[in-house]
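Peer 1: What follows is the file coords14.txt, containing compact mmCIF, C-alpha atoms:
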```txt
# COMPACT_ATOMS: atom_id res chain seq x y z
CA MET O 1 55.99 -103.94 -57.40
CA SER O 2 53.29 -101.73 -55.91
CA SER O 3 50.10 -103.04 -54.37
CA ALA O 4 48.09 -101.21 -57.04
CA GLY O 5 50.05 -103.10 -59.69
CA VAL O 6 49.19 -106.41 -58.05
CA VAL O 7 45.47 -105.66 -58.23
CA THR O 8 45.45 -104.61 -61.87
CA GLN O 9 47.84 -107.21 -63.32
CA TYR O 10 47.55 -110.36 -61.24
CA ALA O 11 44.05 -110.50 -59.81
CA SER O 12 42.82 -112.06 -63.04
CA GLN O 13 45.27 -114.96 -62.61
CA LEU O 14 44.00 -115.55 -59.07
CA ARG O 15 40.40 -115.43 -60.26
CA ALA O 16 41.17 -118.07 -62.88
CA LEU O 17 42.83 -120.22 -60.23
CA CYS O 18 40.38 -119.94 -57.33
CA GLY O 19 37.21 -118.52 -58.86
CA GLY O 20 36.20 -114.88 -59.05
CA GLU O 21 33.99 -115.04 -55.97
CA HIS O 22 37.01 -116.07 -53.90
CA VAL O 23 39.21 -113.10 -54.80
CA ILE O 24 38.49 -109.90 -52.88
CA GLU O 25 39.51 -106.60 -54.46
CA ALA O 26 37.05 -104.00 -53.14
CA PRO O 27 38.83 -101.61 -50.72
CA SER O 28 35.79 -101.54 -48.42
CA GLU O 29 35.95 -105.34 -48.01
CA LEU O 30 39.72 -105.49 -47.72
CA GLU O 31 39.68 -103.29 -44.60
CA ARG O 32 38.52 -106.26 -42.51
CA TYR O 33 41.71 -108.11 -43.50
CA SER O 34 44.11 -105.35 -42.45
CA ILE O 35 47.36 -106.71 -41.05
CA VAL O 36 48.50 -104.68 -38.05
CA GLY O 37 47.02 -101.57 -39.65
CA THR O 38 48.18 -102.27 -43.22
CA THR O 39 45.42 -102.93 -45.76
CA PRO O 40 46.25 -105.59 -48.38
CA ALA O 41 46.00 -105.02 -52.12
CA LEU O 42 43.79 -108.09 -52.42
CA ALA O 43 42.73 -111.25 -50.60
CA VAL O 44 42.26 -114.74 -51.98
CA ALA O 45 40.72 -117.91 -50.51
CA PRO O 46 42.14 -121.13 -52.05
CA ALA O 47 40.27 -124.41 -51.62
CA SER O 48 43.15 -126.91 -51.66
CA GLN O 49 46.83 -127.36 -50.95
CA ASP O 50 47.47 -127.33 -54.71
CA GLU O 51 45.85 -123.91 -55.02
CA VAL O 52 47.90 -122.61 -52.08
CA ALA O 53 51.08 -123.85 -53.79
CA SER O 54 50.08 -122.20 -57.06
CA ILE O 55 49.47 -118.86 -55.35
CA LEU O 56 52.85 -118.99 -53.62
CA ARG O 57 54.56 -120.02 -56.87
CA MET O 58 53.13 -116.92 -58.52
CA ALA O 59 54.14 -114.79 -55.55
CA ASN O 60 57.73 -116.04 -55.81
CA GLU O 61 57.87 -115.21 -59.51
CA LEU O 62 56.62 -111.69 -58.84
CA ARG O 63 58.31 -111.19 -55.44
CA LEU O 64 54.98 -110.40 -53.78
CA CYS O 65 54.41 -110.31 -50.04
CA VAL O 66 51.85 -112.90 -48.89
CA VAL O 67 50.31 -113.00 -45.42
CA PRO O 68 48.35 -116.12 -44.39
CA ALA O 69 45.24 -115.54 -42.26
CA GLY O 70 42.56 -117.70 -40.67
CA GLY O 71 40.03 -115.86 -38.56
CA CYS O 72 42.32 -112.81 -38.18
CA THR O 73 42.09 -113.08 -34.38
CA GLN O 74 45.84 -113.16 -33.64
CA GLN O 75 47.39 -110.84 -36.23
CA MET O 76 50.31 -109.50 -34.22
CA GLY O 77 53.87 -108.46 -34.89
CA ASN O 78 55.51 -105.38 -36.35
CA ALA O 79 53.58 -103.30 -38.87
CA PRO O 80 54.44 -104.58 -42.39
CA PRO O 81 55.50 -101.92 -44.90
CA GLN O 82 53.29 -103.53 -47.56
CA VAL O 83 50.91 -106.46 -47.94
CA ASP O 84 50.22 -107.58 -51.50
CA VAL O 85 48.08 -110.66 -50.88
CA VAL O 86 46.28 -111.97 -47.80
CA LEU O 87 45.81 -115.71 -48.26
CA LEU O 88 42.67 -116.81 -46.41
CA THR O 89 42.42 -120.42 -45.25
CA ALA O 90 38.65 -120.34 -44.62
CA ARG O 91 37.89 -122.79 -47.48
CA LEU O 92 40.35 -125.44 -46.27
CA THR O 93 37.74 -127.31 -44.22
CA GLU O 94 37.96 -130.95 -45.30
CA VAL O 95 37.78 -133.66 -42.60
CA GLU O 96 40.71 -135.81 -43.69
CA HIS O 97 40.24 -138.52 -41.07
CA TYR O 98 38.42 -139.04 -37.80
CA ASP O 99 38.74 -142.12 -35.59
CA PRO O 100 36.97 -141.59 -32.24
CA ALA O 101 38.12 -144.97 -30.94
CA ASP O 102 41.75 -144.10 -31.68
CA LEU O 103 41.37 -140.55 -30.30
CA THR O 104 42.70 -138.91 -33.47
CA VAL O 105 41.33 -136.43 -35.99
CA GLY O 106 42.67 -134.59 -39.03
CA VAL O 107 41.07 -131.47 -40.52
CA GLY O 108 41.81 -128.61 -42.87
CA ALA O 109 43.46 -125.48 -41.49
CA GLY O 110 40.30 -123.43 -42.07
CA PHE O 111 38.25 -125.43 -39.56
CA THR O 112 37.39 -123.20 -36.63
CA VAL O 113 38.14 -124.30 -33.10
CA SER O 114 34.42 -124.24 -32.30
CA GLN O 115 33.58 -126.46 -35.27
CA LEU O 116 36.21 -129.03 -34.38
CA SER O 117 35.28 -128.99 -30.69
CA ALA O 118 31.61 -129.51 -31.51
CA MET O 119 32.36 -132.37 -33.91
CA VAL O 120 34.40 -134.38 -31.40
CA ARG O 121 32.17 -133.47 -28.45
CA ALA O 122 29.40 -135.53 -30.08
CA ASN O 123 31.56 -138.59 -29.39
CA GLY O 124 32.41 -137.59 -25.82
CA LEU O 125 35.86 -136.27 -26.77
CA LEU O 126 37.77 -133.05 -26.15
CA PHE O 127 39.93 -130.94 -28.46
CA ALA O 128 41.96 -129.30 -25.70
CA VAL O 129 42.38 -125.84 -27.23
CA ASP O 130 40.44 -122.84 -25.90
CA PRO O 131 41.83 -119.64 -27.49
CA PRO O 132 39.99 -116.30 -27.67
CA LEU O 133 37.08 -116.09 -30.12
CA PRO O 134 36.88 -119.84 -30.92
CA ASP O 135 34.02 -119.22 -33.40
CA ARG O 136 36.47 -117.29 -35.58
CA CYS O 137 39.83 -118.70 -34.57
CA SER O 138 41.00 -121.33 -37.08
CA VAL O 139 42.95 -124.52 -36.46
CA GLY O 140 45.73 -123.27 -38.72
CA GLY O 141 45.86 -119.98 -36.87
CA VAL O 142 46.15 -121.69 -33.49
CA LEU O 143 49.06 -123.75 -34.79
CA ALA O 144 50.79 -120.83 -36.50
CA THR O 145 50.65 -118.64 -33.40
CA GLY O 146 50.99 -121.39 -30.79
CA GLY O 147 47.72 -120.09 -29.35
CA HIS O 148 46.20 -121.39 -26.16
CA GLY O 149 43.84 -120.68 -23.30
CA PRO O 150 43.32 -121.83 -19.70
CA LEU O 151 43.30 -125.54 -20.69
CA ARG O 152 47.03 -125.29 -21.35
CA HIS O 153 47.65 -125.95 -17.66
CA GLY O 154 46.12 -129.41 -17.74
CA PHE O 155 46.76 -130.54 -21.32
CA GLY O 156 49.79 -128.60 -22.49
CA GLY O 157 50.10 -126.43 -25.56
CA VAL O 158 48.88 -127.37 -29.02
CA ARG O 159 52.37 -128.56 -29.99
CA ASP O 160 52.02 -131.27 -27.34
CA PHE O 161 49.08 -132.99 -29.05
CA CYS O 162 49.43 -132.03 -32.70
CA ILE O 163 50.65 -135.27 -34.29
CA GLY O 164 50.99 -134.24 -37.91
CA LEU O 165 50.48 -131.45 -40.40
CA HIS O 166 50.61 -130.64 -44.11
CA PHE O 167 51.93 -127.29 -45.30
CA VAL O 168 53.30 -125.38 -48.27
CA THR O 169 56.68 -123.72 -47.83
CA GLY O 170 57.28 -120.10 -48.73
CA ASP O 171 58.88 -121.19 -52.00
CA ALA O 172 55.76 -123.22 -52.93
CA ARG O 173 56.89 -126.76 -52.05
CA ARG O 174 54.25 -129.09 -50.58
CA ALA O 175 55.49 -130.81 -47.43
CA LYS O 176 54.36 -132.64 -44.30
CA GLY O 177 55.55 -133.46 -40.81
CA GLY O 178 54.40 -136.18 -38.42
CA GLY O 179 51.43 -138.35 -39.39
CA ARG O 180 47.98 -139.59 -38.42
CA VAL O 181 48.96 -141.71 -35.43
CA VAL O 182 50.27 -140.73 -32.03
CA LYS O 183 53.52 -142.69 -32.42
CA ASN O 184 55.55 -141.63 -35.45
CA VAL O 185 58.98 -142.65 -36.72
CA ALA O 186 62.05 -140.92 -35.38
CA GLY O 187 63.61 -138.02 -37.25
CA TYR O 188 63.62 -134.24 -37.36
CA ASP O 189 60.33 -132.97 -35.93
CA LEU O 190 59.50 -130.61 -38.76
CA MET O 191 55.97 -129.86 -37.58
CA LYS O 192 57.29 -128.38 -34.33
CA LEU O 193 59.22 -125.89 -36.44
CA LEU O 194 55.99 -124.71 -38.08
CA ILE O 195 53.98 -124.48 -34.85
CA GLY O 196 54.47 -120.99 -33.46
CA SER O 197 56.31 -119.72 -36.56
CA HIS O 198 53.52 -117.17 -37.25
CA GLY O 199 53.27 -118.05 -40.92
CA THR O 200 56.83 -116.99 -41.72
CA LEU O 201 58.09 -120.36 -43.00
CA GLY O 202 55.07 -121.99 -44.61
CA ILE O 203 51.29 -122.04 -44.77
CA ILE O 204 49.67 -124.86 -42.81
CA THR O 205 46.90 -126.47 -44.88
CA SER O 206 45.76 -129.31 -42.59
CA ALA O 207 46.67 -130.93 -39.29
CA SER O 208 46.09 -134.08 -37.22
CA PHE O 209 45.56 -134.07 -33.47
CA LYS O 210 45.41 -136.36 -30.51
CA LEU O 211 42.08 -135.99 -28.69
CA PHE O 212 41.18 -136.54 -25.04
CA PRO O 213 38.15 -138.04 -23.31
CA ALA O 214 35.86 -135.15 -22.38
CA PRO O 215 35.64 -134.49 -18.63
CA ARG O 216 32.72 -136.28 -17.05
CA ARG O 217 32.02 -133.31 -14.82
CA THR O 218 33.82 -130.11 -13.86
CA GLN O 219 33.71 -127.59 -11.03
CA THR O 220 35.67 -124.40 -10.52
CA TYR O 221 36.86 -123.32 -7.08
CA ILE O 222 37.58 -119.66 -6.50
CA ALA O 223 40.16 -118.54 -3.96
CA GLU O 224 40.61 -114.84 -3.12
CA PHE O 225 43.74 -113.19 -1.75
CA TYR O 226 44.88 -109.79 -0.52
CA SER O 227 47.95 -109.71 -2.77
CA ALA O 228 49.56 -111.39 -5.76
CA ALA O 229 52.23 -112.79 -3.46
CA ASP O 230 49.59 -114.59 -1.40
CA ALA O 231 48.01 -115.94 -4.58
CA ILE O 232 51.35 -117.30 -5.81
CA GLU O 233 52.00 -118.97 -2.45
CA PHE O 234 48.64 -120.72 -2.83
CA ARG O 235 49.68 -121.81 -6.33
CA ASP O 236 52.89 -123.30 -4.95
CA ARG O 237 51.00 -125.30 -2.33
CA LEU O 238 48.56 -126.54 -4.95
CA LEU O 239 51.33 -127.60 -7.36
CA HIS O 240 52.90 -129.69 -4.58
CA SER O 241 49.59 -131.30 -3.62
CA PRO O 242 48.04 -134.49 -5.06
CA LEU O 243 45.53 -132.36 -7.03
CA SER O 244 45.81 -132.04 -10.82
CA PRO O 245 43.42 -129.31 -12.01
CA ILE O 246 42.81 -128.85 -15.73
CA CYS O 247 42.95 -125.04 -15.33
CA LEU O 248 44.80 -122.86 -12.84
CA GLU O 249 44.29 -119.18 -13.59
CA LEU O 250 45.34 -115.98 -11.84
CA VAL O 251 43.06 -112.93 -12.20
CA SER O 252 44.14 -109.53 -10.84
CA PRO O 253 41.73 -106.93 -9.43
CA GLY O 254 42.04 -104.88 -12.62
CA ALA O 255 41.31 -107.94 -14.77
CA ARG O 256 38.27 -108.81 -12.65
CA GLN O 257 36.83 -105.36 -13.25
CA LEU O 258 37.63 -105.61 -16.96
CA LEU O 259 35.80 -108.92 -17.29
CA ARG O 260 32.95 -107.78 -15.06
CA PRO O 261 32.66 -103.96 -15.12
CA SER O 262 30.31 -104.02 -12.13
CA MET O 263 33.00 -105.72 -10.03
CA ASP O 264 34.82 -103.43 -7.58
CA ALA O 265 36.55 -106.06 -5.42
CA LYS O 266 40.25 -105.43 -4.83
CA SER O 267 41.30 -109.02 -4.20
CA TRP O 268 43.42 -111.27 -6.40
CA VAL O 269 41.72 -114.47 -7.49
CA VAL O 270 42.99 -117.94 -8.36
CA CYS O 271 40.49 -120.07 -10.30
CA VAL O 272 41.02 -123.82 -9.94
CA ARG O 273 39.06 -125.98 -12.40
CA ALA O 274 38.73 -129.64 -11.48
CA ALA O 275 37.43 -132.51 -13.62
CA GLY O 276 36.40 -136.03 -12.72
CA SER O 277 33.94 -138.14 -10.82
CA ASP O 278 31.95 -137.07 -7.78
CA ALA O 279 34.63 -138.66 -5.61
CA VAL O 280 37.37 -136.64 -7.30
CA LEU O 281 35.48 -133.39 -6.84
CA ARG O 282 34.87 -134.19 -3.17
CA ARG O 283 38.63 -134.62 -2.81
CA TYR O 284 39.15 -131.13 -4.24
CA ARG O 285 36.67 -129.61 -1.82
CA SER O 286 38.38 -131.37 1.06
CA GLU O 287 41.95 -130.46 0.01
CA LEU O 288 41.20 -126.82 -0.79
CA GLY O 289 39.15 -126.34 2.35
CA MET O 290 38.71 -122.76 3.51
CA ALA O 291 41.08 -121.45 0.83
CA ALA O 292 38.27 -121.71 -1.74
CA SER O 293 35.67 -119.10 -0.88
CA ARG O 294 33.14 -120.38 -3.41
CA GLN O 295 32.63 -122.79 -6.28
CA VAL O 296 30.73 -122.65 -9.56
CA GLU O 297 29.61 -125.21 -12.12
CA GLY O 298 27.24 -125.56 -15.05
CA GLN O 299 26.36 -122.45 -17.03
CA SER O 300 28.01 -120.07 -14.55
CA GLU O 301 31.25 -121.99 -14.82
CA GLN O 302 31.17 -121.93 -18.62
CA GLU O 303 30.57 -118.18 -18.62
CA LEU O 304 33.47 -117.63 -16.22
CA TRP O 305 35.96 -119.48 -18.41
CA ARG O 306 34.60 -117.94 -21.60
CA ALA O 307 35.28 -114.51 -20.10
CA VAL O 308 38.82 -115.55 -19.16
CA GLU O 309 39.47 -116.89 -22.66
CA ASN O 310 38.27 -113.64 -24.24
CA PHE O 311 40.29 -111.35 -21.98
CA SER O 312 42.10 -109.68 -24.88
CA GLU O 313 38.84 -108.96 -26.69
CA SER O 314 37.31 -107.35 -23.60
CA LEU O 315 40.44 -105.25 -23.25
CA GLN O 316 40.28 -103.98 -26.84
CA ALA O 317 36.58 -103.19 -26.59
CA GLN O 318 36.91 -101.18 -23.37
CA HIS O 319 40.40 -99.71 -23.72
CA PRO O 320 41.45 -99.43 -27.39
CA ASP O 321 44.58 -97.48 -26.40
CA SER O 322 45.83 -100.27 -24.15
CA LEU O 323 49.07 -102.22 -24.21
CA LEU O 324 48.87 -106.03 -23.92
CA MET O 325 52.00 -108.05 -23.24
CA SER O 326 52.37 -111.82 -23.34
CA LEU O 327 55.07 -113.15 -21.01
CA SER O 328 56.56 -116.63 -20.69
CA LEU O 329 58.30 -117.05 -17.35
CA PRO O 330 59.89 -119.65 -15.11
CA LEU O 331 57.42 -120.43 -12.31
CA ARG O 332 59.79 -119.04 -9.71
CA ASP O 333 59.75 -115.58 -11.32
CA VAL O 334 56.00 -115.00 -11.74
CA LYS O 335 55.60 -113.24 -8.38
CA ARG O 336 58.59 -110.94 -8.92
CA VAL O 337 57.59 -109.99 -12.46
CA ILE O 338 54.03 -109.13 -11.40
CA SER O 339 55.45 -106.87 -8.70
CA GLU O 340 57.75 -105.16 -11.21
CA ILE O 341 54.87 -104.58 -13.61
CA GLU O 342 52.85 -102.91 -10.85
CA VAL O 343 55.75 -100.68 -9.86
CA VAL O 344 56.49 -99.57 -13.44
CA ALA O 345 52.78 -98.99 -14.15
CA GLU O 346 52.38 -96.80 -11.07
CA ALA O 347 55.44 -94.76 -12.01
CA ASN O 348 53.92 -94.09 -15.45
CA ASP O 349 50.31 -93.45 -14.35
CA LEU O 350 48.99 -96.63 -15.95
CA THR O 351 46.26 -99.02 -14.84
CA VAL O 352 47.20 -102.73 -14.71
CA ALA O 353 45.18 -105.88 -15.41
CA ALA O 354 46.94 -109.24 -15.26
CA ILE O 355 45.70 -112.71 -16.05
CA GLY O 356 47.38 -115.99 -16.88
CA ARG O 357 48.25 -119.64 -16.55
CA ILE O 358 50.39 -119.28 -13.44
CA GLY O 359 50.97 -123.02 -13.21
CA ALA O 360 52.44 -123.04 -16.72
CA GLY O 361 54.46 -119.82 -16.48
CA HIS O 362 52.36 -117.77 -18.86
CA LEU O 363 51.04 -114.31 -18.05
CA GLN O 364 49.17 -111.60 -19.95
CA ALA O 365 49.58 -108.09 -18.59
CA ALA O 366 47.49 -105.18 -19.85
CA LEU O 367 48.17 -101.51 -19.16
CA TRP O 368 46.21 -98.50 -20.26
CA PRO O 369 46.61 -94.76 -19.76
CA LEU O 370 44.90 -92.56 -17.24
CA THR O 371 45.54 -89.49 -19.41
CA SER O 372 45.22 -88.71 -23.13
CA ALA O 373 46.81 -91.01 -25.71
CA ASP O 374 49.26 -88.36 -26.94
CA ALA O 375 50.53 -87.72 -23.43
CA THR O 376 51.06 -91.39 -22.61
CA GLY O 377 52.55 -92.75 -25.85
CA ALA O 378 56.07 -92.14 -24.57
CA LYS O 379 55.12 -93.71 -21.24
CA LEU O 380 53.96 -96.91 -22.91
CA VAL O 381 57.20 -97.13 -24.89
CA THR O 382 59.20 -96.51 -21.71
CA THR O 383 57.18 -99.16 -19.87
CA ILE O 384 57.93 -101.79 -22.53
CA SER O 385 61.64 -100.98 -22.50
CA THR O 386 61.87 -100.96 -18.69
CA LEU O 387 60.06 -104.26 -18.23
CA ARG O 388 62.11 -106.00 -20.90
CA ALA O 389 65.29 -104.87 -19.18
CA GLN O 390 64.09 -106.33 -15.89
CA LEU O 391 63.01 -109.73 -17.23
CA PRO O 392 64.93 -112.85 -16.18
CA ARG O 393 67.27 -114.15 -18.87
CA ASP O 394 65.17 -117.27 -19.44
CA ALA O 395 61.92 -115.30 -19.89
CA SER O 396 60.39 -113.59 -22.91
CA MET O 397 57.90 -110.80 -23.51
CA MET O 398 55.93 -110.14 -26.68
CA VAL O 399 53.70 -107.14 -27.33
CA GLN O 400 50.37 -108.52 -28.53
CA LEU O 401 48.40 -105.28 -28.75
CA CYS O 402 49.29 -101.60 -28.60
CA PRO O 403 48.22 -98.30 -30.18
CA ALA O 404 49.48 -97.62 -33.70
CA TYR O 405 51.56 -94.65 -32.54
CA VAL O 406 53.39 -96.95 -30.11
CA ARG O 407 53.93 -99.86 -32.50
CA THR O 408 56.06 -97.73 -34.82
CA GLN O 409 58.49 -97.05 -31.95
CA ILE O 410 59.01 -100.59 -30.68
CA ASP O 411 59.90 -104.10 -31.77
CA SER O 412 56.88 -106.21 -30.89
CA TRP O 413 59.09 -109.24 -30.29
CA GLY O 414 61.96 -107.66 -28.42
CA PRO O 415 65.46 -109.12 -28.16
CA THR O 416 65.64 -112.85 -28.72
CA PRO O 417 67.85 -115.26 -26.75
CA THR O 418 68.06 -117.60 -29.75
CA ASP O 419 70.55 -117.78 -32.58
CA VAL O 420 69.44 -115.23 -35.17
CA ALA O 421 71.84 -116.63 -37.79
CA SER O 422 70.22 -120.06 -37.48
CA MET O 423 66.75 -118.55 -37.73
CA ARG O 424 67.71 -116.74 -40.91
CA ALA O 425 69.20 -119.93 -42.35
CA VAL O 426 65.94 -121.79 -41.73
CA LYS O 427 63.95 -118.93 -43.27
CA GLN O 428 66.22 -118.96 -46.32
CA SER O 429 65.82 -122.71 -46.79
CA LEU O 430 62.01 -122.60 -46.73
CA ASP O 431 61.24 -119.10 -48.06
CA ARG O 432 64.28 -117.93 -49.99
CA HIS O 433 62.59 -114.87 -51.51
CA ASP O 434 61.08 -113.71 -48.20
CA ILE O 435 57.53 -114.03 -49.51
CA LEU O 436 55.71 -114.83 -46.27
CA ASN O 437 55.01 -112.11 -43.71
CA ARG O 438 57.79 -109.89 -44.98
CA GLY O 439 58.83 -107.25 -42.45
CA ARG O 440 56.60 -108.38 -39.58
CA PHE O 441 58.99 -110.62 -37.67
CA LEU O 442 62.59 -110.89 -36.60
CA VAL O 443 63.97 -112.67 -39.62
```
Since I need it in another form, could you write the structure as structure tokens?
Peer 2:
Amino acid sequence: MSSAGVVTQYASQLRALCGGEHVIEAPSELERYSIVGTTPALAVAPASQDEVASILRMANELRLCVVPAGGCTQQMGNAPPQVDVVLLTARLTEVEHYDPADLTVGVGAGFTVSQLSAMVRANGLLFAVDPPLPDRCSVGGVLATGGHGPLRHGFGGVRDFCIGLHFVTGDARRAKGGGRVVKNVAGYDLMKLLIGSHGTLGIITSASFKLFPAPRRTQTYIAEFYSAADAIEFRDRLLHSPLSPICLELVSPGARQLLRPSMDAKSWVVCVRAAGSDAVLRRYRSELGMAASRQVEGQSEQELWRAVENFSESLQAQHPDSLLMSLSLPLRDVKRVISEIEVVAEANDLTVAAIGRIGAGHLQAALWPLTSADATGAKLVTTISTLRAQLPRDASMMVQLCPAYVRTQIDSWGPTPTDVASMRAVKQSLDRHDILNRGRFLV
């Protein structure tokens, strides 16, 4: 059924279900909810898990394509051929439970990261997630995309401290995984299946998390190096030392200039963020010694890490024709892959900016053209293909951002080392009519 048909025949049913003010039909408003360049026929914002299930039940009956969205900050993947309904989670904001003494909290998927962080901060606690645009990024979106920021080095990814979630499967069944306590009974860890599934298997409606005591005090030590190889050698020494920083971030010369346009330094930087008592911070200063050229704290430190978190947004604002790749690598291969990216970029007349959690094996690499977009489209496609061919077998590379004329020529996800037949079987069991995110992902 066409998108136009959805608007004319089924919008009234959604208005009756969720309220007219929560169904968006105006083309001018729908533009802001475009999914990888495809504008939906309509958008709807349910207020409960029951309403989410009802919408998906209707979608199954009509074979509509539904795309879940939180703050629309991480809408990546292949361009969908059609989007009938964007299901917005912004009204799912109930606080289901909160026990500061037990270090646990449960909230609706529409809670933003900033809202949740502010709520627990009042009790001296930390929600250890720092993705880009936290004022817009939703809890459900972080879980669906497996999103993270620099804090991943010290606290792990969100799947490491999500202890339970509620969701609705693609075929409209309400389900849950985990619970409200840190220790749960043994069995299949269903919630891990949903985390990082990009909304292809179900729509997360609420989640419970383990919290952490907020750092008493933090300082960031900045070490500068002539080359990426020198920076990685410093990382190796640090990882084998007694120090346990909460953030360990690599910033290339190109990334430094992107984050601070006035910066013209050519050195590679490793930012080491330490947390603890005065005695702990003195230990860092002593251990790092002359390797750390300077240190920052307070407002300057917050601004530094906010800039690092929002790297992708700065890239889009300054270089809309850029290519942004997200790479997961074994620690031993980070140095080699960075070198290969630089070589391929130089061969294709591209500028490089790299940033990432080098202690956790995660890297973001941005490239943008030195010539016109039309002349470099083929070069960007060639760059993606070349780099994928050179990756280690136990590494992966996903294209997060790229120009529209490039996206049509590539697979954003690339070849997968996993069992595609098993992935399709899981998809079939939870979304048998392929309702969720149809055409955007591998299965």
Peer 1: Give me, please, the distance in Å between atom CA of Ile384 of chain O and atom CA of Val399 of chain O, quoted to one decimal.
Peer 2: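 These atoms are spaced 8.3 Å apart.
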Peer 1: Starting from 5 Å padding per side, set up an axis-aligned box that covers all listed atoms of segment 76-94 of chain O and hand over centre and edge lengths in Å, one decimal, as AutoDock Vina command-line options.
Peer 2:
```
--center_x 46.6 --center_y -116.4 --center_z -42.9 --size_x 27.8 --size_y 39.0 --size_z 27.3
```
Peer 1: Quote the spacing between atom CA of Thr383 of chain O and atom CA of Gln74 of chain O in Å to one decimal place.
Peer 2: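 Computed distance, atom CA of Thr383 of chain O to atom CA of Gln74 of chain O, equals 22.7 Å.
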Peer 1: Report as a PDB file with C-alpha atoms, keeping the file's coordinate frame all protein, DNA and RNA residues lying within 10 Å of Leu193 of chain O, evaluated on all atoms listed in the file, omitting residues in the same chain fewer than 2 positions from it.
Peer 2:
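Final output, saved to result.pdb:
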```pdb
ATOM      1  CA  ALA O 144      50.790-120.830 -36.500  1.00  0.00           C
ATOM      2  CA  ARG O 159      52.370-128.560 -29.990  1.00  0.00           C
ATOM      3  CA  GLY O 177      55.550-133.460 -40.810  1.00  0.00           C
ATOM      4  CA  TYR O 188      63.620-134.240 -37.360  1.00  0.00           C
ATOM      5  CA  ASP O 189      60.330-132.970 -35.930  1.00  0.00           C
ATOM      6  CA  LEU O 190      59.500-130.610 -38.760  1.00  0.00           C
ATOM      7  CA  MET O 191      55.970-129.860 -37.580  1.00  0.00           C
ATOM      8  CA  ILE O 195      53.980-124.480 -34.850  1.00  0.00           C
ATOM      9  CA  GLY O 196      54.470-120.990 -33.460  1.00  0.00           C
ATOM     10  CA  SER O 197      56.310-119.720 -36.560  1.00  0.00           C
ATOM     11  CA  LEU O 201      58.090-120.360 -43.000  1.00  0.00           C
ATOM     12  CA  GLY O 202      55.070-121.990 -44.610  1.00  0.00           C
ATOM     13  CA  VAL O 426      65.940-121.790 -41.730  1.00  0.00           C
TER      14      VAL O 426
END
```
Peer 1: Atom CA of Leu64 of chain O and atom CA of Tyr405 of chain O, how far apart in Å?
Peer 2: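 Those two atoms sit 26.7 Å apart.
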Peer 1: Write out as a VMD selection string the residues lying within 8 Å of Phe212 of chain O, counting only C-alpha atoms and excluding same-chain residues fewer than 3 positions away.
Peer 2: chain O and resid 103 125 to 128
Peer 1: Need to verify the contact set: Thr205 of chain O, 7 Å, all atoms listed in the file, exclusion of same-chain residues closer than 4 positions in sequence. Can you return it as a VMD selection string?
Peer 2: chain O and resid 49 92 108 to 109 166 to 167
